[in-house]
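Scroll down for the structure; my scribbles are underneath it.
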Protein chains: 2
Amino acid sequence: MPSYRAPLKDMAFVLNDVLRLEKYANLEGFAEATPDLVAAVLEEGAKFCENELQPLNLPGDMEGCTRHPDGSVTTPKGFKEAYRKFVEGGWPGLTMPTEYGGQGLPHVVGFAFEEMMISANLSFAMYPGLTAGAVAALHATASDEIKNTYLPKMVEGVWSGTMNLTEPHCGTDLGLIRTKAVPDDDGSYAITGTKIFISAGEHDLTENIIHLVLAKLPDAPEGTKGISLFVVPKFLVNPDGSLGERNAVTCGAIEEKMGIHANSTCVLNYDGAKGWIVGEPNDGLKNMFIMMNAARLGVGMQGLALSEVAYQNAAAYARERLQGRALSGPKNPDAKADPIIVHPDVRRMLMDARAFNEAARALAYWGGLMVDLTYKAESEEERGTADDIVSLLTPVIKGVFTDLGYLNATQSQQVWGGHGYIRESGMEQFVRDARITMIYEGTNGIQALDLVGRKLGQNNGRALQAFFRIVGDFIKEHGDGEMAAFSEPLAAALKDLQAATMWLMEHGRKNPEDAGAAAVDYMHLMGLVALGHMWGQMAKAALDRLADGSGDRAFYENKLKTGRYFMRRILPETATRLAKLRTGAEPLMALDADAF
Amino acid sequence: MPSYRAPLKDMAFVLNDVLRLEKYANLEGFAEATPDLVAAVLEEGAKFCENELQPLNLPGDMEGCTRHPDGSVTTPKGFKEAYRKFVEGGWPGLTMPTEYGGQGLPHVVGFAFEEMMISANLSFAMYPGLTAGAVAALHATASDEIKNTYLPKMVEGVWSGTMNLTEPHCGTDLGLIRTKAVPDDDGSYAITGTKIFISAGEHDLTENIIHLVLAKLPDAPEGTKGISLFVVPKFLVNPDGSLGERNAVTCGAIEEKMGIHANSTCVLNYDGAKGWIVGEPNDGLKNMFIMMNAARLGVGMQGLALSEVAYQNAAAYARERLQGRALSGPKNPDAKADPIIVHPDVRRMLMDARAFNEAARALAYWGGLMVDLTYKAESEEERGTADDIVSLLTPVIKGVFTDLGYLNATQSQQVWGGHGYIRESGMEQFVRDARITMIYEGTNGIQALDLVGRKLGQNNGRALQAFFRIVGDFIKEHGDGEMAAFSEPLAAALKDLQAATMWLMEHGRKNPEDAGAAAVDYMHLMGLVALGHMWGQMAKAALDRLADGSGDRAFYENKLKTGRYFMRRILPETATRLAKLRTGAEPLMALDADAF
């Protein structure tokens with residue numbers, strides 16, 4: 001059976017030593033988030049994730065969700081009880097607005113709790129994850145009436161949320177959706193259509209489910225400019241807040257999937273269901289993207305969190321499994337064999353994951369901090385830069401973390417040999433669960449196009465310039481002594497990224513297919529630089545702590561060793577990414593479509 | 001529902017235009033294998049695989065195998081009938097020795113049929129695949145009495161074979177096995193122990209199952225030098241060849257696995273089962289490795305075959321799925337969207353798989369031809385070189401083909417977006433099935449150690465020198481004109497491989513951990529060079545055919561386009577492999593084992 005221990009020490013290192021949250025104590029929500037309070041919250045959160053959620057992960061995968069003939073869906077054994085504890089513990093509202101009953105803690109702290117939940121049980125974490133996204137979208141765009149009707153119960157966690165975009169014939173290309181919204185005399189709309197792949201679309205965890213649905217008004221323009229956003233509750237809500245009649249939205253089927261079996265993925269049939277418009281007509285895609293962007297960062301976190309738990313279980317197995325002898329001579333001479341962690345190639349698989357996990361955690365939490373600063377920083381300039389960074393890094397975190405999360409889950413499974421292919425090991429579940437993260441909330445190819453086609457050029461490249469400045473300044477300031485082992489490879493990687501950017505500027509404008517062909521390599525190149533930059537930041541923090549003699553020396557020395565692995569063994573991949581990108585679209589497009 | 005069309009034209013291209021089988025018509029078995037006969041055999045084989053095996057693949061995955069309370073195992077619906085047709089069609093004995101009823105066709109032809117079987121249905125293909133390995137081991141090492149008892153029925157296919165190595169506490173490190181073989185007065189041995197992960201260990205397809213089992217004699221030396229090989233039939237065989245009493249080997253459980261659900265993976269309990277020794281006492285590992293080496297090439301073929309079928313289904317989806325518009329303007333202006341094959345990033349995923357598949361097919365079949373020449377070539381020198389090449393390339397084909405097969409299956413699934421995550425698409429099955437190929441018959445890490453630790457140095461590096469000479473001569477002879485686009489990148493890749501070899505010679509001898517740390521990167525480097533060499537060979541063949549004006553011009557031009565994609569987009573990865581390898585073991589081993 002797999003296990004999970006929340007990496008609290010690593011999390012505290014990022015929050016306190018690297019991001020230095022205490023610097024932001026002047027900002028709303030941060031004042032309360034003292035290191036002690038954050039540590040206490042995360043420790044409680046860790047207990048909940050380790051003791052309540054993790055033990056349900058493998059059984060939940062085996063059992064899956066069940067749809068009953070009346071269209072109702074039950075989650076696997078134990079999920080309902082765990083969800084009740086989740087609500088009782090006040091976890092749903094951790095970072096949510098205080099005006100609707102949330103605790104208003106910084107998002108960066110919420111990210112740490114989210115990581116633990118996902119590592120323990122992705123399928124479970126998705127239910128509140130979708131609610132959080134729906135809350136964010138409603139909070140930003142809905143009328144006060146809608147907010148007052150739905151948000152308090154959603155923040156409390158007794159109602160949950162979903163996002164309804166995909167239809168059988170369209171996923172990426174939402175301009176093609178067919179779901180209709182016909183206005184009614186009472187100000188509501190009758191929603192009719194079929195939505196597929198709706199995560200947490202129907203289940204037994206909450207009293208009500210609040211669907212955010214994209215649909216078209218009768219007079220809507222063609223394409224993406226004619227999409228509106230609607231809130232459609234499973235149960236209508238009476239004026240006094242009590243639940244009224246069942247709305248005409250039903251679960252037609254749950255999908256049989258490769259993984260995340262304990263999350264119900266539904267076909268939802270809307271048959272004149274009553275809904276209310278959120279924001280302005282035909283503004284739906286923009287409004288849904290508030291939810292989508294939050295979700296994309298969350299999915300990036302899933303890549304990290306699955307890589308982390310898979311790594312932990314691979315490391316534990318590698319320390320225990322006796323097989324063969326070290327190439328340098330027996331390490332365990334009294335036994336018949338050494339633990340397999342003595343083998344360099346086993347180390348390679350473990351270190352690839354570990355060196356990614358630690359940098360990805362720092363980068364994701366930095367992203368979380370930037371989300372906070374977007375709203376809370378004191379100057380407009382700081383808010384603008386934070387927003388730029390979030391906007392730029394969202395597709396990178398989603399795309400790169402999930403690609404590497406899947407590879408690391410695969411390599412961690414590999415450490416287990418044949419035993420990792422057996423379901424009860426839990427290792428193969430991590431791989432199957434990780435696989436969806438590369439697909440949903442926009443495939444990773446779409447993330448790359450978002451980065452290259454939209455984010456790079458926005459505001460004359462302001463975000464990219466900010467990112468280059470941050471990384472470039474760091475390199476300039478930390479070129480000497482022990483930091484050279486970090487700043488020099490980082491400088492080389494940044495140079496590759498800048499060369500790739502130049503190439504894109506020269507070629508992508510003339511031939512958009514060159515930009516499309518380069519997109520995924522460019523996204524990974526930027527991801528490597530961003531992760532390398534985080535290793536620079538972490539190395540600096542570790543060296544500072546070693547110099548001032550405080551804390552656990554071995555912990556900081558291990559940070560440096562792991563960081564040097566990243567700089568030497570992973571970061572140099574930027575060169576191949578650059579070489580591939582520079583081929584342009586020609587080799588990809590040379591064949592006629594019907595030659596395939 | 002997924003589909004499969006055997007790539008007969010590509011296969012014929014490799015056999016006739018690239019390997020030019022007609023050159024070997026003077027050799028036993030090759031004389032009969034005229035292009036026309038081979039084409040007819042493969043066409044019949046394709047019909048069987050496409051019409052009988054492929055339709056059972058997805059249902060077989062859904063249903064899996066069932067173990068009954070009496071220990072018997074039934075395969076999924078339709079498997080028994082398909083196997084009956086397989087035997088009736090004479091397919092089991094295609095390349096098997098004529099003296100035991102086989103047809104004695106060259107292995108290179110058998111490889112093509114094997115590829116089709118695996119693409120259509122890996123789980124099914126494993127049953128006869130294991131039989132073929134067992135036949136090879138018995139044929140090479142068993143006494144005439146054993147051969148006469150078992151081989152005719154195994155060659156006919158009415159009995160099947162298995163290989164029994166792994167035990168709960170040991171897989172890679174076979175020196176640790178505990179299964180005992182105690183001599184009986186009648187010349188037989190009583191075998192007692194537990195074997196796990198035994199593919200095709202118990203099933204309903206054949207009348208008898210012939211287990212090849214590693215066990216230790218009572219006086220056996222410690223470790224791998226004390227292992228002997230035994231043949232243990234499920235039913236004892238009477239002197240007249242009829243089946244006698246049930247032997248004391250039973251299926252204790254079938255494993256619940258990530259994939260290959262339609263192949264029964266058994267725990268086999270030997271409880272004093274009657275067995276007979278194969279070859280000399282304590283020579284078992286060497287004898288089992290005859291089966292293992294054949295199996296490793298077969299597993300490499302699995303990587304290719306799954307990549308091929310996944311690619312085919314991704315290409316079909318990409319041509320049909322309408323979503324979005326080409327970056328260069330609508331390609332399908334009358335419809336609301338273009339097929340997704342217009343997008344460069346979709347092309348990238350398809351071309352990565354296609355460019356691998358075509359070169360891997362050539363390399364695998366070349367390997368198959370070398371297997372034939374090992375036994376059949378006229379001069380000792382030719383036989384020796386062929387043997388060297390097979391020995392060198394076996395771990396490369398196993399390790400590289402399965403790593404890339406899994407990645408290509410994953411990328412092909414990615415082309416399907418969310419629909420690829422749903423079981424009925426069949427795309428996720430290809431990924432789950434491909435995953436085992438990186439693990440069984442020796443993990444890919446073990447393949448790399450076999451290459452670096454054993455194969456490189458054997459006979460003073462004779463095999464490696466032969467490989468370098470073959471590739472180097474090709475480059476020298478084809479440096480000009482249109483071939484420069486192939487020979488120049490190949491020369492650069494070969495230079496990287498030679499530099500890596502020098503690095504290994506300098507460092508690996510002093511510090512074996514440096515060799516261990518470099519092994520997987522070295523294996524992939526060699527794989528890239530070997531695949532690049534095959535693209536060179538294929539380009540040459542295509543240009544020759546274009547020059548002489550025979551055949552389908554578009555087919556040969558597409559070969560060149562696909563090959564140029566490989567040379568420009570895939571082969572340059574050798575540089576990163578070399579850079580990683582040169583870091584040595586230090587960054588991998590820097591952490592203490594208990595820091596993990």
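Naming works like this for the structure tokens: A, B, ... for the chains as they're shown, residue 1 at the start of each chain, ligands 1 onward in shown order.
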- Might you pull out every residue within 12 Å of Asp173 of chain A, with only C-alpha atoms counted and same-chain residues fewer than 4 positions away left off, and present them as a list in words? Leu165, Thr166, Glu167, Pro168, His169, Ile177, Arg178, Gly223, Thr224, Ile227, Leu285, Gly442, Thr443 and Ile446 of chain A; Arg321, Leu322, Gln323, Gly324, Arg325, Lys336, Ala337, Asp338, Pro339, Ile340 and Gly417 of chain B
- Message: Taking 3 positions as the minimum chain separation for residues in the same chain, which residues sit within 9 Å of Leu19 of chain B when counting only C-alpha atoms? Answer as a PyMOL selection string.
- Response: chain B and resi 13-16+22-23+362+365-366+369+537
Take the residues from that selection and write them out as a PDB file, in the first residue's frame, keeping N, CA and C atoms.
```pdb
ATOM      1  N   PHE B  13       8.822  -2.574 -48.094  1.00  0.00           N
ATOM      2  CA  PHE B  13       9.920  -1.651 -48.381  1.00  0.00           C
ATOM      3  C   PHE B  13      11.167  -2.052 -47.595  1.00  0.00           C
ATOM      4  N   VAL B  14      11.000  -2.325 -46.308  1.00  0.00           N
ATOM      5  CA  VAL B  14      12.156  -2.712 -45.490  1.00  0.00           C
ATOM      6  C   VAL B  14      12.739  -4.027 -45.976  1.00  0.00           C
ATOM      7  N   LEU B  15      11.888  -5.007 -46.204  1.00  0.00           N
ATOM      8  CA  LEU B  15      12.390  -6.336 -46.558  1.00  0.00           C
ATOM      9  C   LEU B  15      13.039  -6.343 -47.945  1.00  0.00           C
ATOM     10  N   ASN B  16      12.406  -5.670 -48.898  1.00  0.00           N
ATOM     11  CA  ASN B  16      12.883  -5.779 -50.286  1.00  0.00           C
ATOM     12  C   ASN B  16      13.841  -4.665 -50.692  1.00  0.00           C
ATOM     13  N   GLU B  22      16.528 -10.716 -51.120  1.00  0.00           N
ATOM     14  CA  GLU B  22      16.883 -11.605 -52.250  1.00  0.00           C
ATOM     15  C   GLU B  22      18.386 -11.888 -52.304  1.00  0.00           C
ATOM     16  N   LYS B  23      19.178 -11.017 -51.662  1.00  0.00           N
ATOM     17  CA  LYS B  23      20.633 -11.256 -51.624  1.00  0.00           C
ATOM     18  C   LYS B  23      20.995 -12.539 -50.882  1.00  0.00           C
ATOM     19  N   ALA B 362      12.751  -0.901 -39.480  1.00  0.00           N
ATOM     20  CA  ALA B 362      13.935  -1.286 -40.240  1.00  0.00           C
ATOM     21  C   ALA B 362      15.011  -1.872 -39.320  1.00  0.00           C
ATOM     22  N   TYR B 365      13.887  -5.372 -37.969  1.00  0.00           N
ATOM     23  CA  TYR B 365      13.965  -6.419 -38.987  1.00  0.00           C
ATOM     24  C   TYR B 365      15.426  -6.701 -39.348  1.00  0.00           C
ATOM     25  N   TRP B 366      16.231  -5.662 -39.340  1.00  0.00           N
ATOM     26  CA  TRP B 366      17.674  -5.884 -39.550  1.00  0.00           C
ATOM     27  C   TRP B 366      18.196  -6.800 -38.431  1.00  0.00           C
ATOM     28  N   LEU B 369      17.159 -10.223 -39.251  1.00  0.00           N
ATOM     29  CA  LEU B 369      18.025 -10.782 -40.293  1.00  0.00           C
ATOM     30  C   LEU B 369      19.356 -11.242 -39.684  1.00  0.00           C
ATOM     31  N   GLN B 537      19.783   4.429 -44.491  1.00  0.00           N
ATOM     32  CA  GLN B 537      19.568   3.284 -45.396  1.00  0.00           C
ATOM     33  C   GLN B 537      18.255   3.424 -46.156  1.00  0.00           C
TER      34      GLN B 537
END
```
- Item | Residue list for chain A near chain B as a list in words, 6 Å, only C-alpha atoms |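 Written out as asked, the residues are Asp173, Glu256, Lys257, Met258, Ala315, Gln323, Gly324, Leu327, Pro344, Asp345, Arg347, Arg348, Gly417, Tyr421, Ile422, Arg423, Ile439, Pro512, Glu513, Gly516, Ala517, Tyr565, Arg569, Lys580, Pro587, Leu588 and Phe596 of chain A.
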Please save C-alpha atoms of the selected residues as a PDB file, in the first residue's frame.
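Here's the written file again35.pdb:
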```pdb
ATOM      1  CA  ASP A 173     -12.839  25.091 -30.017  1.00  0.00           C
ATOM      2  CA  GLU A 256     -15.222   4.930 -17.824  1.00  0.00           C
ATOM      3  CA  LYS A 257     -11.783   6.481 -17.738  1.00  0.00           C
ATOM      4  CA  MET A 258      -8.103   5.624 -17.510  1.00  0.00           C
ATOM      5  CA  ALA A 315      12.293   6.399  -2.528  1.00  0.00           C
ATOM      6  CA  GLN A 323      18.470  -6.708  -4.927  1.00  0.00           C
ATOM      7  CA  GLY A 324      21.949  -6.937  -6.377  1.00  0.00           C
ATOM      8  CA  LEU A 327      28.793  -1.353  -8.459  1.00  0.00           C
ATOM      9  CA  PRO A 344      23.179   5.109  -9.933  1.00  0.00           C
ATOM     10  CA  ASP A 345      20.330   4.517 -12.357  1.00  0.00           C
ATOM     11  CA  ARG A 347      19.228   7.424  -8.120  1.00  0.00           C
ATOM     12  CA  ARG A 348      18.781   9.061 -11.501  1.00  0.00           C
ATOM     13  CA  GLY A 417      10.067  -2.903 -11.274  1.00  0.00           C
ATOM     14  CA  TYR A 421       2.728  -2.651 -12.540  1.00  0.00           C
ATOM     15  CA  ILE A 422       0.460  -4.329  -9.986  1.00  0.00           C
ATOM     16  CA  ARG A 423      -2.509  -2.281  -8.867  1.00  0.00           C
ATOM     17  CA  ILE A 439      -5.200  16.939 -21.111  1.00  0.00           C
ATOM     18  CA  PRO A 512       2.301  31.640 -37.764  1.00  0.00           C
ATOM     19  CA  GLU A 513       2.945  27.940 -38.318  1.00  0.00           C
ATOM     20  CA  GLY A 516       2.804  26.864 -33.636  1.00  0.00           C
ATOM     21  CA  ALA A 517       5.579  24.384 -34.342  1.00  0.00           C
ATOM     22  CA  TYR A 565      21.750  17.894  -9.795  1.00  0.00           C
ATOM     23  CA  ARG A 569      21.475  17.037 -15.311  1.00  0.00           C
ATOM     24  CA  LYS A 580      14.274  21.626 -32.179  1.00  0.00           C
ATOM     25  CA  PRO A 587       9.711  19.350 -41.246  1.00  0.00           C
ATOM     26  CA  LEU A 588       6.416  18.976 -39.347  1.00  0.00           C
ATOM     27  CA  PHE A 596      -1.001  10.064 -42.600  1.00  0.00           C
TER      28      PHE A 596
END
```
- Message: Taking 4 positions as the minimum chain separation for residues in the same chain, which residues sit within 7 Å of segment 382-397 of chain B when counting only C-alpha atoms? Answer as a PyMOL selection string.
- Response: chain B and resi 296-297+300+367+370-371+373-375+377+401+447-448+450-451+455+463+467+523+527
- Item | Interatomic distance, atom CA of Ser3 of chain B to atom CA of Tyr83 of chain B (Å, one decimal) |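 Distance reported for this atom pair: 20.0 Å.
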- Task: Would you please extract all strand (DSSP E) residues from segment 216-329 of chain B, as assigned by DSSP on the backbone, and give them as an NGL selection string?
- Result: :B and (228-233 or 235-237 or 243-246 or 249-254 or 265-278)
- What lies within 12 Å of Leu543 of chain A using only C-alpha atoms, ignoring chain neighbours under 3 positions off, as number ranges by chain? A: 17-18, 478, 481-483, 486, 535-540, 546-561, 563
- Task: Find the residues near Gln103 of chain B: any atom within 9 Å, counting only C-alpha atoms, skip ones fewer than 6 places away on the same chain, and give them as a PyMOL selection string.
- Result: chain B and resi 29+90+93-97
- Query: Using only C-alpha atoms, which residue out of A:Met502, A:Ala434, A:Ile209, A:Leu528 lies closest to Val299 of chain A?
  - Reply: A:Ala434
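For the residues A:Arg246, A:Lys147, A:Lys331, A:Arg67, ranking by smallest atom-to-atom distance to His203 of chain A using only C-alpha atoms places A:Arg67 first.
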- Just asking: which residues within segment 221-455 of chain B are helix (DSSP H, G or I) according to DSSP, as an NGL selection string? :B and (223-226 or 284-320 or 340-342 or 344-376 or 380-415 or 417-421 or 423-425 or 427-437 or 444-455)
Surrounding residues of Asp271 of chain B excluding itself and chain neighbours under 6 positions, 7 Å, only C-alpha atoms, as a PDB file with N, CA and C atoms, in the first residue's frame:
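Output file around.pdb follows:
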```pdb
ATOM      1  N   ILE B 191      10.230 -30.167  -7.927  1.00  0.00           N
ATOM      2  CA  ILE B 191      10.399 -28.710  -7.895  1.00  0.00           C
ATOM      3  C   ILE B 191       9.433 -28.117  -6.883  1.00  0.00           C
ATOM      4  N   THR B 192       9.959 -27.288  -5.974  1.00  0.00           N
ATOM      5  CA  THR B 192       9.120 -26.674  -4.945  1.00  0.00           C
ATOM      6  C   THR B 192       9.492 -25.208  -4.784  1.00  0.00           C
ATOM      7  N   GLY B 193       8.494 -24.369  -4.855  1.00  0.00           N
ATOM      8  CA  GLY B 193       8.740 -22.940  -4.674  1.00  0.00           C
ATOM      9  C   GLY B 193       7.601 -22.122  -5.266  1.00  0.00           C
ATOM     10  N   ALA B 248       2.068 -31.114 -10.122  1.00  0.00           N
ATOM     11  CA  ALA B 248       1.800 -30.317  -8.913  1.00  0.00           C
ATOM     12  C   ALA B 248       2.253 -28.870  -9.076  1.00  0.00           C
ATOM     13  N   VAL B 249       1.781 -28.254 -10.142  1.00  0.00           N
ATOM     14  CA  VAL B 249       2.006 -26.813 -10.316  1.00  0.00           C
ATOM     15  C   VAL B 249       0.636 -26.174 -10.504  1.00  0.00           C
TER      16      VAL B 249
END
```
